[in-house]
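K.L.:
One structure follows; several queries about it will come next.
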Amino acid sequence: MTSPESPSGAGPHYRALEALYRSAPVNALFESTLEIIAEGRSRIEFLVTPAAYHAAGAAHGTIYFKMLDDAAFYAANTLITDRFLLTTSFNLHFTKPVREGKVTAEGRWISGRRRVLVAEARLVDAEGEEIGRGTGTFMRSHIALSSLAGYRPDAA
């Protein structure tokens, strides 16, 4: 939900970012949903299933990276209403293996509003324990958000 302190017009931008997430073909591979909570804040809930396991029977690190990167990215892109951001670097820390179940990625913008933005994210398992965290830098691209078919400000 949009917070009371959100800037005017933020609600449609937030809904459009959520629609953009749903439209990305890669997200058809994961049972996940994105919610923009407020300016600089996002949450992705997803299910880990055995299809994402590595050979030792826990979620492969690609799942950690994807969800942390997405949560941080969308938290940062709440501040940018005209351009798509690109991940330029991402540092990832694994703190606990996860097997099956619901996991939440919580993204939070940290700094920057012009060309480069910094955001962090953490993964929390169904028991409320942190299982990973990461920090990324994101740069404005030349791609206009309005040029992307999935970015729909009228999305509900």
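All residue names refer to the structure tokens as shown: chains lettered A, B, ... in order, residues numbered from 1 in each chain, ligands numbered from 1 in order.
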Using only C-alpha atoms, which residues of range 38-87 of chain A come within 7 Å of range 108-119 of chain A, and what is the closest atom pair for each, with the distance in Å to one decimal? Give it as a Markdown table, sorted by chain and residue number.
P.N.:
| residue | atom | partner | partner_atom | distance |
| --- | --- | --- | --- | --- |
| A:Gly40 | CA | A:Trp109 | CA | 4.6 |
| A:Arg41 | CA | A:Arg108 | CA | 4.7 |
| A:Ser42 | CA | A:Arg108 | CA | 6.7 |
| A:Ala72 | CA | A:Ala119 | CA | 5.1 |
| A:Ala75 | CA | A:Arg108 | CA | 5.4 |
| A:Ala76 | CA | A:Trp109 | CA | 5.2 |
| A:Leu79 | CA | A:Arg113 | CA | 7.0 |
K.L.:
May I have all residues of range 15-104 of chain A that DSSP, computed from the backbone, assigns to strand (DSSP E or B), given as an NGL selection string?
P.N.:
:A and (32-38 or 41-48 or 53 or 59 or 83-94 or 101-104)
K.L.:
Mind dumping a table of every range 19-100 of chain A residue within 12 Å of range 126-140 of chain A, with the nearest atom pair and its distance in Å to one decimal, using only C-alpha atoms, sorted by chain and rising number, as a Markdown table?
P.N.:
| residue | atom | partner | partner_atom | distance |
| --- | --- | --- | --- | --- |
| A:Glu45 | CA | A:Ala126 | CA | 10.3 |
| A:Phe46 | CA | A:Ala126 | CA | 10.5 |
| A:Leu47 | CA | A:Ala126 | CA | 9.9 |
| A:Val48 | CA | A:Ala126 | CA | 10.6 |
| A:Ala58 | CA | A:Ile131 | CA | 11.9 |
| A:Ala59 | CA | A:Ile131 | CA | 10.9 |
| A:Gly61 | CA | A:Gly132 | CA | 9.8 |
| A:Thr62 | CA | A:Gly132 | CA | 12.0 |
| A:Ile63 | CA | A:Gly132 | CA | 10.7 |
| A:Tyr64 | CA | A:Gly132 | CA | 7.0 |
| A:Phe65 | CA | A:Gly134 | CA | 8.1 |
| A:Lys66 | CA | A:Gly134 | CA | 10.7 |
| A:Met67 | CA | A:Gly134 | CA | 10.0 |
| A:Leu68 | CA | A:Gly134 | CA | 6.3 |
| A:Asp69 | CA | A:Gly136 | CA | 7.1 |
| A:Asp70 | CA | A:Gly136 | CA | 10.0 |
| A:Ala71 | CA | A:Gly134 | CA | 9.9 |
| A:Ala72 | CA | A:Gly136 | CA | 6.8 |
| A:Phe73 | CA | A:Phe138 | CA | 7.0 |
| A:Tyr74 | CA | A:Phe138 | CA | 10.1 |
| A:Ala75 | CA | A:Phe138 | CA | 10.6 |
| A:Ala76 | CA | A:Phe138 | CA | 7.6 |
| A:Asn77 | CA | A:Phe138 | CA | 8.7 |
| A:Leu79 | CA | A:Arg140 | CA | 11.0 |
| A:Ile80 | CA | A:Arg140 | CA | 8.3 |
| A:Thr81 | CA | A:Arg140 | CA | 10.5 |
| A:Asp82 | CA | A:Arg140 | CA | 9.2 |
| A:Arg83 | CA | A:Arg140 | CA | 6.1 |
| A:Phe84 | CA | A:Arg140 | CA | 6.2 |
| A:Leu85 | CA | A:Arg140 | CA | 4.6 |
| A:Leu86 | CA | A:Met139 | CA | 5.3 |
| A:Thr87 | CA | A:Phe138 | CA | 4.5 |
| A:Thr88 | CA | A:Phe138 | CA | 5.5 |
| A:Ser89 | CA | A:Thr137 | CA | 5.4 |
| A:Phe90 | CA | A:Gly136 | CA | 4.1 |
| A:Asn91 | CA | A:Gly134 | CA | 5.3 |
| A:Leu92 | CA | A:Gly134 | CA | 4.3 |
| A:His93 | CA | A:Arg133 | CA | 5.3 |
| A:Phe94 | CA | A:Gly132 | CA | 4.5 |
| A:Thr95 | CA | A:Ile131 | CA | 4.9 |
| A:Lys96 | CA | A:Ile131 | CA | 4.4 |
| A:Pro97 | CA | A:Ile131 | CA | 6.6 |
| A:Val98 | CA | A:Ile131 | CA | 7.1 |
| A:Arg99 | CA | A:Ala126 | CA | 10.5 |
| A:Glu100 | CA | A:Ala126 | CA | 9.6 |
K.L.:
Neighbouring residues of Ala149 in chain A were defined as those with any atom within 12 Å, considering only C-alpha atoms; residues of the same chain fewer than 4 positions away were excluded. Please report them as a PDB file with all heavy atoms, in the first residue's frame.
P.N.:
ATOM      1  N   ALA A  16       2.444   0.580 -11.489  1.00  0.00           N
ATOM      2  CA  ALA A  16       3.076   0.302 -12.785  1.00  0.00           C
ATOM      3  C   ALA A  16       4.342  -0.526 -12.598  1.00  0.00           C
ATOM      4  O   ALA A  16       4.635  -1.415 -13.411  1.00  0.00           O
ATOM      5  CB  ALA A  16       3.380   1.607 -13.510  1.00  0.00           C
ATOM      6  N   LEU A  17       5.103  -0.257 -11.541  1.00  0.00           N
ATOM      7  CA  LEU A  17       6.287  -1.083 -11.263  1.00  0.00           C
ATOM      8  C   LEU A  17       5.875  -2.514 -10.928  1.00  0.00           C
ATOM      9  O   LEU A  17       6.523  -3.468 -11.363  1.00  0.00           O
ATOM     10  CB  LEU A  17       7.107  -0.476 -10.112  1.00  0.00           C
ATOM     11  CG  LEU A  17       7.862   0.805 -10.421  1.00  0.00           C
ATOM     12  CD1 LEU A  17       8.499   1.368  -9.143  1.00  0.00           C
ATOM     13  CD2 LEU A  17       8.915   0.596 -11.506  1.00  0.00           C
ATOM     14  N   ALA A  19       3.226  -4.018 -12.039  1.00  0.00           N
ATOM     15  CA  ALA A  19       2.821  -4.608 -13.322  1.00  0.00           C
ATOM     16  C   ALA A  19       4.052  -4.971 -14.154  1.00  0.00           C
ATOM     17  O   ALA A  19       4.077  -6.012 -14.822  1.00  0.00           O
ATOM     18  CB  ALA A  19       1.926  -3.644 -14.095  1.00  0.00           C
ATOM     19  N   LEU A  20       5.075  -4.140 -14.113  1.00  0.00           N
ATOM     20  CA  LEU A  20       6.317  -4.414 -14.834  1.00  0.00           C
ATOM     21  C   LEU A  20       6.954  -5.704 -14.332  1.00  0.00           C
ATOM     22  O   LEU A  20       7.399  -6.543 -15.122  1.00  0.00           O
ATOM     23  CB  LEU A  20       7.285  -3.232 -14.680  1.00  0.00           C
ATOM     24  CG  LEU A  20       8.574  -3.307 -15.480  1.00  0.00           C
ATOM     25  CD1 LEU A  20       8.285  -3.297 -16.982  1.00  0.00           C
ATOM     26  CD2 LEU A  20       9.479  -2.126 -15.099  1.00  0.00           C
ATOM     27  N   TYR A  21       6.975  -5.884 -13.024  1.00  0.00           N
ATOM     28  CA  TYR A  21       7.508  -7.119 -12.441  1.00  0.00           C
ATOM     29  C   TYR A  21       6.730  -8.332 -12.960  1.00  0.00           C
ATOM     30  O   TYR A  21       7.321  -9.320 -13.393  1.00  0.00           O
ATOM     31  CB  TYR A  21       7.432  -7.052 -10.911  1.00  0.00           C
ATOM     32  CG  TYR A  21       7.952  -8.298 -10.226  1.00  0.00           C
ATOM     33  CD1 TYR A  21       9.311  -8.451  -9.975  1.00  0.00           C
ATOM     34  CD2 TYR A  21       7.094  -9.311  -9.823  1.00  0.00           C
ATOM     35  CE1 TYR A  21       9.798  -9.591  -9.352  1.00  0.00           C
ATOM     36  CE2 TYR A  21       7.571 -10.454  -9.197  1.00  0.00           C
ATOM     37  CZ  TYR A  21       8.925 -10.590  -8.963  1.00  0.00           C
ATOM     38  OH  TYR A  21       9.410 -11.723  -8.347  1.00  0.00           O
ATOM     39  N   ARG A  22       5.409  -8.241 -12.919  1.00  0.00           N
ATOM     40  CA  ARG A  22       4.579  -9.362 -13.383  1.00  0.00           C
ATOM     41  C   ARG A  22       4.801  -9.667 -14.862  1.00  0.00           C
ATOM     42  O   ARG A  22       4.671 -10.809 -15.291  1.00  0.00           O
ATOM     43  CB  ARG A  22       3.094  -9.070 -13.130  1.00  0.00           C
ATOM     44  CG  ARG A  22       2.691  -9.117 -11.674  1.00  0.00           C
ATOM     45  CD  ARG A  22       1.173  -9.049 -11.486  1.00  0.00           C
ATOM     46  NE  ARG A  22       0.542  -7.895 -12.095  1.00  0.00           N
ATOM     47  CZ  ARG A  22       0.384  -6.719 -11.510  1.00  0.00           C
ATOM     48  NH1 ARG A  22       0.820  -6.524 -10.267  1.00  0.00           N
ATOM     49  NH2 ARG A  22      -0.215  -5.716 -12.134  1.00  0.00           N
ATOM     50  N   SER A  23       5.136  -8.649 -15.657  1.00  0.00           N
ATOM     51  CA  SER A  23       5.274  -8.824 -17.102  1.00  0.00           C
ATOM     52  C   SER A  23       6.617  -9.432 -17.526  1.00  0.00           C
ATOM     53  O   SER A  23       6.739  -9.891 -18.651  1.00  0.00           O
ATOM     54  CB  SER A  23       5.093  -7.479 -17.816  1.00  0.00           C
ATOM     55  OG  SER A  23       6.250  -6.666 -17.685  1.00  0.00           O
ATOM     56  N   ALA A  24       7.601  -9.419 -16.651  1.00  0.00           N
ATOM     57  CA  ALA A  24       8.930  -9.927 -17.020  1.00  0.00           C
ATOM     58  C   ALA A  24       8.867 -11.439 -17.236  1.00  0.00           C
ATOM     59  O   ALA A  24       8.443 -12.172 -16.337  1.00  0.00           O
ATOM     60  CB  ALA A  24       9.947  -9.589 -15.935  1.00  0.00           C
ATOM     61  N   ILE A 143      16.587   3.719 -21.108  1.00  0.00           N
ATOM     62  CA  ILE A 143      15.286   3.118 -21.416  1.00  0.00           C
ATOM     63  C   ILE A 143      14.197   3.836 -20.623  1.00  0.00           C
ATOM     64  O   ILE A 143      14.195   3.831 -19.387  1.00  0.00           O
ATOM     65  CB  ILE A 143      15.282   1.615 -21.060  1.00  0.00           C
ATOM     66  CG1 ILE A 143      16.387   0.891 -21.819  1.00  0.00           C
ATOM     67  CG2 ILE A 143      13.912   0.996 -21.340  1.00  0.00           C
ATOM     68  CD1 ILE A 143      16.689  -0.505 -21.288  1.00  0.00           C
ATOM     69  N   ALA A 144      13.289   4.450 -21.341  1.00  0.00           N
ATOM     70  CA  ALA A 144      12.164   5.131 -20.693  1.00  0.00           C
ATOM     71  C   ALA A 144      11.204   4.080 -20.151  1.00  0.00           C
ATOM     72  O   ALA A 144      10.861   3.131 -20.854  1.00  0.00           O
ATOM     73  CB  ALA A 144      11.447   6.034 -21.683  1.00  0.00           C
ATOM     74  N   LEU A 145      10.798   4.233 -18.892  1.00  0.00           N
ATOM     75  CA  LEU A 145       9.806   3.306 -18.332  1.00  0.00           C
ATOM     76  C   LEU A 145       8.556   3.279 -19.198  1.00  0.00           C
ATOM     77  O   LEU A 145       7.985   2.218 -19.446  1.00  0.00           O
ATOM     78  CB  LEU A 145       9.450   3.699 -16.891  1.00  0.00           C
ATOM     79  CG  LEU A 145      10.460   3.335 -15.819  1.00  0.00           C
ATOM     80  CD1 LEU A 145      10.102   4.024 -14.503  1.00  0.00           C
ATOM     81  CD2 LEU A 145      10.548   1.829 -15.640  1.00  0.00           C
ATOM     82  N   PRO A 153       0.901   2.565 -15.775  1.00  0.00           N
ATOM     83  CA  PRO A 153       0.451   3.349 -14.620  1.00  0.00           C
ATOM     84  C   PRO A 153      -1.004   3.128 -14.232  1.00  0.00           C
ATOM     85  O   PRO A 153      -1.384   3.394 -13.108  1.00  0.00           O
ATOM     86  CB  PRO A 153       0.678   4.799 -15.070  1.00  0.00           C
ATOM     87  CG  PRO A 153       1.754   4.704 -16.086  1.00  0.00           C
ATOM     88  CD  PRO A 153       1.500   3.393 -16.812  1.00  0.00           C
ATOM     89  N   ALA A 155      -2.361   0.171 -14.097  1.00  0.00           N
ATOM     90  CA  ALA A 155      -2.486  -1.220 -13.645  1.00  0.00           C
ATOM     91  C   ALA A 155      -3.057  -1.283 -12.229  1.00  0.00           C
ATOM     92  O   ALA A 155      -2.743  -0.452 -11.381  1.00  0.00           O
ATOM     93  CB  ALA A 155      -1.135  -1.926 -13.682  1.00  0.00           C
TER      94      ALA A 155
END
K.L.:
Would you please work out which residue, of A:Thr33, A:Thr104, A:Ser141, A:Thr78, is nearest to Asp125 in chain A when using only C-alpha atoms?
P.N.:
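So, comparing all the options, the nearest one is A:Thr104.
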